[in-house]
file input.cif (mmCIF, C-alpha atoms)
data_target
loop_
_atom_site.label_atom_id
_atom_site.label_comp_id
_atom_site.auth_asym_id
_atom_site.auth_seq_id
_atom_site.Cartn_x
_atom_site.Cartn_y
_atom_site.Cartn_z
CA MET G 1 -3.54 1.30 6.99
CA LYS G 2 -4.02 3.35 3.81
CA ILE G 3 -3.51 2.41 0.16
CA LYS G 4 -3.05 4.65 -2.86
CA ILE G 5 -2.99 3.29 -6.42
CA LEU G 6 -0.05 4.76 -8.36
CA LYS G 7 -0.45 2.93 -11.65
CA ARG G 8 -2.98 0.41 -12.87
CA GLY G 9 -2.41 -1.70 -15.99
CA GLU G 10 -4.17 -4.63 -17.59
CA ASP G 11 -2.07 -7.20 -15.71
CA SER G 12 -0.18 -5.12 -13.14
CA VAL G 13 -0.76 -2.61 -10.37
CA ARG G 14 1.60 -0.45 -8.33
CA PHE G 15 0.43 1.08 -5.06
CA ILE G 16 1.69 2.71 -1.87
CA ILE G 17 0.67 1.21 1.45
CA TRP G 18 0.99 3.28 4.65
CA GLY G 19 0.75 2.32 8.31
CA VAL G 20 2.22 -1.20 8.20
CA ASP G 21 5.58 -2.60 9.25
CA VAL G 22 7.96 -4.69 7.17
CA ALA G 23 6.62 -7.93 8.69
CA PHE G 24 3.14 -7.21 7.35
CA ALA G 25 4.50 -6.08 3.97
CA ASN G 26 6.45 -9.32 3.58
CA ALA G 27 3.49 -11.39 4.80
CA LEU G 28 1.33 -9.80 2.09
CA ARG G 29 3.97 -10.48 -0.56
CA ARG G 30 4.32 -14.12 0.48
CA THR G 31 0.55 -14.59 0.66
CA ILE G 32 0.13 -13.27 -2.88
CA ILE G 33 2.66 -15.65 -4.41
CA ALA G 34 2.14 -18.67 -2.15
CA GLU G 35 -1.46 -18.69 -0.87
CA VAL G 36 -3.78 -17.27 -3.54
CA PRO G 37 -5.07 -20.39 -5.36
CA THR G 38 -5.36 -20.78 -9.13
CA PHE G 39 -6.12 -23.56 -11.56
CA ALA G 40 -3.20 -25.38 -13.17
CA ILE G 41 -2.78 -28.68 -14.99
CA ASP G 42 -1.56 -31.26 -12.50
CA GLU G 43 -1.93 -34.56 -14.34
CA VAL G 44 -1.78 -35.56 -18.02
CA GLU G 45 -2.99 -38.82 -19.56
CA PHE G 46 -1.40 -39.49 -22.97
CA TYR G 47 -3.10 -41.69 -25.55
CA GLU G 48 -0.69 -41.00 -28.39
CA ASN G 49 2.54 -39.03 -28.74
CA ASN G 50 5.14 -39.63 -31.44
CA SER G 51 6.41 -36.05 -31.46
CA ALA G 52 10.03 -35.09 -30.81
CA LEU G 53 9.23 -34.40 -27.13
CA PHE G 54 8.83 -36.97 -24.38
CA ASP G 55 5.50 -37.18 -22.55
CA GLU G 56 7.12 -35.68 -19.44
CA MET G 57 8.37 -32.62 -21.32
CA ILE G 58 4.95 -31.88 -22.80
CA ALA G 59 3.31 -32.42 -19.40
CA HIS G 60 5.75 -29.97 -17.81
CA ARG G 61 4.94 -27.35 -20.44
CA LEU G 62 1.22 -27.87 -19.94
CA GLY G 63 1.55 -27.39 -16.20
CA LEU G 64 3.07 -23.94 -16.70
CA ILE G 65 0.24 -22.62 -18.91
CA PRO G 66 -1.79 -20.08 -16.88
CA LEU G 67 -5.48 -21.00 -16.70
CA THR G 68 -8.25 -18.49 -16.08
CA THR G 69 -9.66 -18.94 -12.59
CA PRO G 70 -13.23 -17.61 -12.08
CA VAL G 71 -13.25 -15.71 -8.80
CA ASP G 72 -17.05 -15.59 -8.56
CA ARG G 73 -17.44 -19.39 -8.68
CA PHE G 74 -14.89 -20.45 -6.06
CA GLU G 75 -14.08 -19.28 -2.54
CA LEU G 76 -10.47 -18.49 -3.34
CA ASP G 77 -9.99 -16.71 0.00
CA SER G 78 -10.98 -19.87 1.87
CA LEU G 79 -8.31 -21.78 3.76
CA ASP G 80 -9.69 -25.04 2.28
CA LEU G 81 -9.59 -25.67 -1.46
CA ASP G 82 -12.42 -26.91 -3.64
CA GLU G 83 -11.62 -30.31 -5.19
CA TYR G 84 -13.21 -29.42 -8.54
CA THR G 85 -11.31 -30.86 -11.53
CA VAL G 86 -11.33 -29.60 -15.12
CA THR G 87 -10.40 -31.67 -18.18
CA LEU G 88 -8.58 -30.06 -21.09
CA SER G 89 -8.21 -32.31 -24.11
CA LEU G 90 -6.16 -32.05 -27.27
CA GLU G 91 -5.82 -34.05 -30.46
CA ALA G 92 -3.52 -32.69 -33.18
CA GLU G 93 -1.59 -33.93 -36.19
CA GLY G 94 1.38 -32.33 -37.95
CA PRO G 95 2.78 -30.52 -39.66
CA GLY G 96 2.34 -27.46 -37.49
CA VAL G 97 2.76 -25.97 -34.03
CA VAL G 98 0.33 -26.87 -31.27
CA TYR G 99 -0.60 -23.86 -29.11
CA SER G 100 -2.31 -23.46 -25.76
CA GLY G 101 -5.39 -22.15 -27.58
CA ASP G 102 -5.81 -25.61 -29.13
CA LEU G 103 -6.69 -27.08 -25.72
CA LYS G 104 -10.42 -27.84 -25.40
CA SER G 105 -11.78 -27.36 -21.87
CA ASP G 106 -14.93 -28.99 -20.55
CA ASP G 107 -15.49 -25.82 -18.49
CA PRO G 108 -15.64 -22.61 -20.58
CA ASP G 109 -14.68 -20.49 -17.55
CA ILE G 110 -11.39 -22.33 -17.08
CA LYS G 111 -9.14 -22.18 -20.13
CA PRO G 112 -5.65 -20.95 -21.11
CA ALA G 113 -5.28 -17.27 -20.23
CA ASN G 114 -3.06 -16.84 -23.28
CA PRO G 115 -3.94 -18.84 -26.43
CA ASP G 116 -0.56 -18.25 -28.08
CA ILE G 117 1.77 -20.29 -25.87
CA PRO G 118 3.53 -22.98 -28.00
CA ILE G 119 3.34 -26.53 -26.64
CA VAL G 120 4.99 -28.71 -29.28
CA LYS G 121 5.95 -28.58 -32.96
CA LEU G 122 4.72 -31.54 -34.98
CA ALA G 123 6.32 -32.75 -38.19
CA GLU G 124 4.49 -34.49 -41.02
CA GLY G 125 2.77 -37.63 -39.73
CA GLN G 126 3.39 -36.86 -36.04
CA ARG G 127 0.39 -36.90 -33.69
CA VAL G 128 -0.35 -36.05 -30.10
CA MET G 129 -3.51 -36.85 -28.15
CA PHE G 130 -4.09 -36.48 -24.41
CA ASN G 131 -6.38 -35.40 -21.60
CA ALA G 132 -4.99 -32.92 -19.07
CA TYR G 133 -6.59 -32.51 -15.65
CA ALA G 134 -6.44 -29.17 -13.85
CA ARG G 135 -7.22 -28.45 -10.22
CA LEU G 136 -6.93 -25.63 -7.73
CA GLY G 137 -3.60 -25.35 -5.93
CA ARG G 138 -1.35 -22.85 -4.18
CA GLY G 139 2.07 -21.51 -5.07
CA ARG G 140 3.57 -23.04 -1.92
CA GLU G 141 2.99 -26.46 -3.55
CA HIS G 142 4.49 -25.56 -6.93
CA ALA G 143 5.27 -22.41 -8.88
CA LYS G 144 2.70 -23.33 -11.54
CA TRP G 145 -0.04 -22.31 -9.09
CA GLN G 146 1.41 -18.84 -8.44
CA PRO G 147 -1.03 -16.18 -9.72
CA GLY G 148 1.84 -13.82 -10.54
CA ILE G 149 4.70 -12.02 -8.84
CA ALA G 150 4.80 -9.43 -6.09
CA TYR G 151 7.61 -7.28 -4.76
CA TYR G 152 7.98 -4.12 -2.71
CA LYS G 153 10.45 -1.43 -1.70
CA TYR G 154 10.63 1.14 1.05
CA LEU G 155 9.26 4.51 0.05
CA THR G 156 12.22 6.88 0.36
CA LYS G 157 12.95 10.54 -0.13
CA ILE G 158 16.26 11.58 -1.66
CA HIS G 159 17.41 14.95 -0.36
CA VAL G 160 19.76 16.68 -2.81
CA SER G 161 21.50 19.81 -1.59
CA LYS G 162 21.68 22.61 -4.13
CA GLU G 163 25.37 22.79 -3.32
CA VAL G 164 25.76 19.68 -5.48
CA PRO G 165 27.15 20.69 -8.88
CA ASN G 166 24.68 20.08 -11.70
CA TRP G 167 21.83 19.18 -9.29
CA GLU G 168 19.39 20.25 -12.01
CA LYS G 169 20.35 17.08 -13.90
CA LEU G 170 18.89 14.95 -11.11
CA LYS G 171 15.71 17.00 -11.20
CA GLY G 172 15.42 16.39 -14.93
CA ILE G 173 15.97 12.64 -14.53
CA ALA G 174 13.34 12.43 -11.78
CA GLU G 175 10.79 14.36 -13.81
CA LYS G 176 11.48 12.19 -16.86
CA ARG G 177 10.74 9.12 -14.73
CA GLU G 178 7.54 10.85 -13.54
CA LEU G 179 8.62 10.87 -9.91
CA PRO G 180 7.20 13.49 -7.52
CA VAL G 181 9.73 16.28 -6.90
CA GLU G 182 9.64 18.87 -4.14
CA GLU G 183 11.92 21.86 -4.13
CA ASN G 184 12.77 24.57 -1.65
CA LYS G 185 15.46 27.21 -1.30
CA ASN G 186 18.17 24.78 -0.13
CA GLU G 187 17.40 21.37 -1.55
CA LEU G 188 15.64 19.14 -4.03
CA ILE G 189 13.55 16.25 -2.66
CA ILE G 190 12.85 13.26 -4.92
CA ILE G 191 10.14 10.85 -3.73
CA THR G 192 10.96 7.37 -5.01
CA GLU G 193 7.56 5.94 -5.90
CA LYS G 194 9.58 3.68 -8.22
CA PRO G 195 13.31 2.84 -8.26
CA PHE G 196 15.62 5.80 -8.81
CA TYR G 197 19.33 5.36 -9.35
CA LEU G 198 21.85 8.16 -9.04
CA PRO G 199 24.29 8.53 -11.95
CA ARG G 200 27.83 7.53 -10.98
CA GLU G 201 29.04 11.13 -11.22
CA PHE G 202 27.08 11.91 -8.03
CA ASP G 203 28.51 9.04 -5.94
CA GLU G 204 31.03 11.29 -4.15
CA TYR G 205 28.20 13.39 -2.68
CA LYS G 206 26.27 10.51 -1.13
CA GLY G 207 25.88 10.70 2.62
CA ASP G 208 26.90 14.34 2.77
CA LEU G 209 25.12 16.47 0.23
CA ILE G 210 22.84 13.69 -1.04
CA LYS G 211 20.97 11.80 1.67
CA GLU G 212 18.29 9.14 1.48
CA GLU G 213 15.47 9.17 4.04
CA ILE G 214 13.29 6.09 4.57
CA VAL G 215 9.63 7.03 5.09
CA PRO G 216 8.56 5.00 8.18
CA ASP G 217 6.01 2.20 7.73
CA THR G 218 5.44 3.01 4.06
CA PHE G 219 6.07 0.69 1.11
CA VAL G 220 5.67 0.73 -2.65
CA PHE G 221 4.16 -2.55 -3.88
CA THR G 222 4.14 -3.92 -7.42
CA VAL G 223 1.95 -6.90 -8.29
CA GLU G 224 1.88 -8.54 -11.72
CA SER G 225 -0.66 -11.18 -12.77
CA ASN G 226 -0.01 -14.16 -15.05
CA GLY G 227 -3.56 -13.75 -16.34
CA GLU G 228 -5.39 -16.31 -14.21
CA ILE G 229 -6.99 -13.70 -11.92
CA PRO G 230 -7.37 -9.92 -12.36
CA VAL G 231 -4.47 -8.30 -10.55
CA GLU G 232 -6.52 -6.18 -8.12
CA GLN G 233 -8.49 -9.25 -7.06
CA ILE G 234 -5.22 -11.07 -6.34
CA VAL G 235 -4.38 -8.41 -3.75
CA SER G 236 -7.92 -8.45 -2.32
CA ILE G 237 -7.95 -12.25 -1.99
CA ALA G 238 -4.50 -12.23 -0.37
CA LEU G 239 -5.63 -9.70 2.25
CA LYS G 240 -8.71 -11.80 3.06
CA ILE G 241 -6.56 -14.92 3.43
CA LEU G 242 -4.23 -13.03 5.78
CA MET G 243 -7.19 -11.93 7.91
CA ARG G 244 -8.61 -15.44 8.05
CA LYS G 245 -5.24 -16.89 9.06
CA GLY G 246 -4.98 -14.24 11.80
CA ASP G 247 -8.49 -15.02 13.07
CA LYS G 248 -7.72 -18.75 13.08
CA PHE G 249 -4.49 -18.17 15.01
CA ILE G 250 -6.26 -16.04 17.64
CA SER G 251 -9.01 -18.67 18.00
CA GLU G 252 -6.41 -21.36 18.59
CA LEU G 253 -4.70 -19.24 21.23
CA HIS G 254 -8.01 -18.76 23.04
CA ARG G 255 -8.74 -22.48 22.84
CA LEU G 256 -5.36 -23.39 24.33
CA ALA G 257 -5.74 -20.79 27.07
CA GLU G 258 -9.02 -22.29 28.27
#
call {"tool": "encode", "arguments": {"input": "input.cif", "output": "structure tokens"}}
result
Amino acid sequence: MKIKILKRGEDSVRFIIWGVDVAFANALRRTIIAEVPTFAIDEVEFYENNSALFDEMIAHRLGLIPLTTPVDRFELDSLDLDEYTVTLSLEAEGPGVVYSGDLKSDDPDIKPANPDIPIVKLAEGQRVMFNAYARLGRGREHAKWQPGIAYYKYLTKIHVSKEVPNWEKLKGIAEKRELPVEENKNELIIITEKPFYLPREFDEYKGDLIKEEIVPDTFVFTVESNGEIPVEQIVSIALKILMRKGDKFISELHRLAE
């Protein structure tokens, strides 16, 4: 298996992975969104709330606020979760908007990843006071524990015969999208490191003069983080979880075979 980083951003990464089949690619995708644990608010204890929103609505909003999850303090690649609980408290009075940054955490390492998420708007005289309790969980339990999103596509090569009228237009589009382009005497080859859509005027040439080749066992992955965990560590943790699950499965097989 080989990996090449195509683009790295603050909260996203796109990479090519070679030497794996579609089952592994999908297992990695599912592990990223369903198995990598993060902190999220799971329970809220209200002491006062006379705002326009019911307790349940505020609690739902709180649960969807991404919380920073310190990788160095917890074994996030473990198959068993730590039962550590964090308390985030808030006391506010209107008028004004209450934001995620107003939450006060008793653990400075675990706090809202984005301080600008609105929670509730308070009018004059309205108050809200509560304690919110966050714990580690996995996306398979609820979407609020998903560390981000992950998706992939086959890496393909689009072969464009130079018999196609105005084939230079496709070359220009590919270069504008910063896609690798190979060219020889007879054809143009566009390597789809990211999605590439043919303009409708070229539809009649598909399958004859324009052919798409799937590169075997090669996929383009995109992973985006919500901010809880750095995006590259999300991928690393997911791979470790996959390996540990595989080791556990093999151990069980050996045990049953004895």
call {"tool": "resolve_selection", "arguments": {"input": "input.cif", "expression": "the PyMOL selection byres ((chain G and resi 224) around 12)", "output": "number ranges by chain"}}
result
G: 7-15, 29, 32-33, 146-152, 221-223, 225-235
call {"tool": "closest_residue", "arguments": {"input": "input.cif", "among": "G:Pro199, G:Gly96, G:Gly246, G:Pro180", "to": "Val120 (chain G)", "atoms": "all atoms listed in the file"}}
result
G:Gly96
call {"tool": "residues_near_point", "arguments": {"input": "input.cif", "point": "(3.9, -4.0, 7.7)", "cutoff": "12 Å", "atoms": "all atoms listed in the file", "output": "list in words"}}
result
Met1, Lys2, Ile16, Ile17, Trp18, Gly19, Val20, Asp21, Val22, Ala23, Phe24, Ala25, Asn26, Ala27, Leu28, Arg29, Tyr152, Lys153, Tyr154, Pro216, Asp217, Thr218, Phe219, Val220 and Phe221 of chain G
call {"tool": "closest_residue", "arguments": {"input": "input.cif", "among": "G:Arg127, G:Lys176, G:Arg73, G:Arg140", "to": "Asp107 (chain G)", "atoms": "only C-alpha atoms"}}
result
G:Arg73
call {"tool": "atom_distance", "arguments": {"input": "input.cif", "atom1": "CA of Ala174 (chain G)", "atom2": "CA of Ile214 (chain G)"}}
result
17.5 Å
call {"tool": "resolve_selection", "arguments": {"input": "input.cif", "expression": "the PyMOL selection byres ((chain G and resi 194) around 8)", "output": "PyMOL selection string"}}
result
chain G and resi 179+192-193+195-196+220
call {"tool": "atom_distance", "arguments": {"input": "input.cif", "atom1": "CA of Tyr99 (chain G)", "atom2": "CA of Leu122 (chain G)"}}
result
11.0 Å
call {"tool": "atom_distance", "arguments": {"input": "input.cif", "atom1": "CA of Tyr197 (chain G)", "atom2": "CA of Ile3 (chain G)"}}
result
24.9 Å
call {"tool": "build_atoms", "arguments": {"input": "input.cif", "residues": "region 4-28 of chain G", "atoms": "N, CA and C atoms", "output": "compact mmCIF listing (two decimals), keeping the file's coordinate frame"}}
result
# COMPACT_ATOMS: atom_id res chain seq x y z
N LYS G 4 -2.85 3.73 -1.74
CA LYS G 4 -3.05 4.65 -2.86
C LYS G 4 -2.53 3.98 -4.12
N ILE G 5 -3.38 3.88 -5.15
CA ILE G 5 -2.99 3.29 -6.42
C ILE G 5 -2.13 4.30 -7.19
N LEU G 6 -0.93 3.89 -7.58
CA LEU G 6 -0.05 4.76 -8.36
C LEU G 6 -0.22 4.53 -9.86
N LYS G 7 -0.32 3.26 -10.23
CA LYS G 7 -0.45 2.93 -11.65
C LYS G 7 -1.20 1.61 -11.79
N ARG G 8 -2.19 1.61 -12.65
CA ARG G 8 -2.98 0.41 -12.87
C ARG G 8 -2.91 0.03 -14.35
N GLY G 9 -2.48 -1.20 -14.62
CA GLY G 9 -2.41 -1.70 -15.99
C GLY G 9 -3.32 -2.89 -16.15
N GLU G 10 -3.30 -3.48 -17.33
CA GLU G 10 -4.17 -4.63 -17.59
C GLU G 10 -3.80 -5.81 -16.70
N ASP G 11 -2.51 -6.05 -16.51
CA ASP G 11 -2.07 -7.20 -15.71
C ASP G 11 -1.12 -6.80 -14.59
N SER G 12 -1.08 -5.54 -14.22
CA SER G 12 -0.18 -5.12 -13.14
C SER G 12 -0.76 -3.91 -12.41
N VAL G 13 -0.35 -3.75 -11.17
CA VAL G 13 -0.76 -2.61 -10.37
C VAL G 13 0.39 -2.23 -9.44
N ARG G 14 0.61 -0.94 -9.28
CA ARG G 14 1.60 -0.45 -8.33
C ARG G 14 0.89 0.48 -7.37
N PHE G 15 1.13 0.28 -6.07
CA PHE G 15 0.43 1.08 -5.06
C PHE G 15 1.34 1.34 -3.87
N ILE G 16 1.01 2.41 -3.13
CA ILE G 16 1.69 2.71 -1.87
C ILE G 16 0.80 2.25 -0.73
N ILE G 17 1.40 1.62 0.26
CA ILE G 17 0.67 1.21 1.45
C ILE G 17 1.32 1.86 2.67
N TRP G 18 0.52 2.58 3.45
CA TRP G 18 0.99 3.28 4.65
C TRP G 18 0.50 2.57 5.91
N GLY G 19 1.21 2.76 7.00
CA GLY G 19 0.75 2.32 8.31
C GLY G 19 0.96 0.85 8.60
N VAL G 20 1.91 0.20 7.91
CA VAL G 20 2.22 -1.20 8.20
C VAL G 20 3.73 -1.35 8.36
N ASP G 21 4.14 -2.37 9.09
CA ASP G 21 5.58 -2.60 9.25
C ASP G 21 6.07 -3.59 8.20
N VAL G 22 7.38 -3.84 8.20
CA VAL G 22 7.96 -4.69 7.17
C VAL G 22 7.48 -6.13 7.30
N ALA G 23 7.13 -6.56 8.51
CA ALA G 23 6.62 -7.93 8.69
C ALA G 23 5.30 -8.11 7.95
N PHE G 24 4.42 -7.12 8.06
CA PHE G 24 3.14 -7.21 7.35
C PHE G 24 3.36 -7.13 5.84
N ALA G 25 4.24 -6.23 5.40
CA ALA G 25 4.50 -6.08 3.97
C ALA G 25 5.01 -7.40 3.39
N ASN G 26 5.91 -8.06 4.09
CA ASN G 26 6.45 -9.32 3.58
C ASN G 26 5.41 -10.44 3.66
N ALA G 27 4.56 -10.40 4.70
CA ALA G 27 3.49 -11.39 4.80
C ALA G 27 2.52 -11.25 3.64
N LEU G 28 2.21 -10.02 3.23
CA LEU G 28 1.33 -9.80 2.09
C LEU G 28 1.99 -10.31 0.81
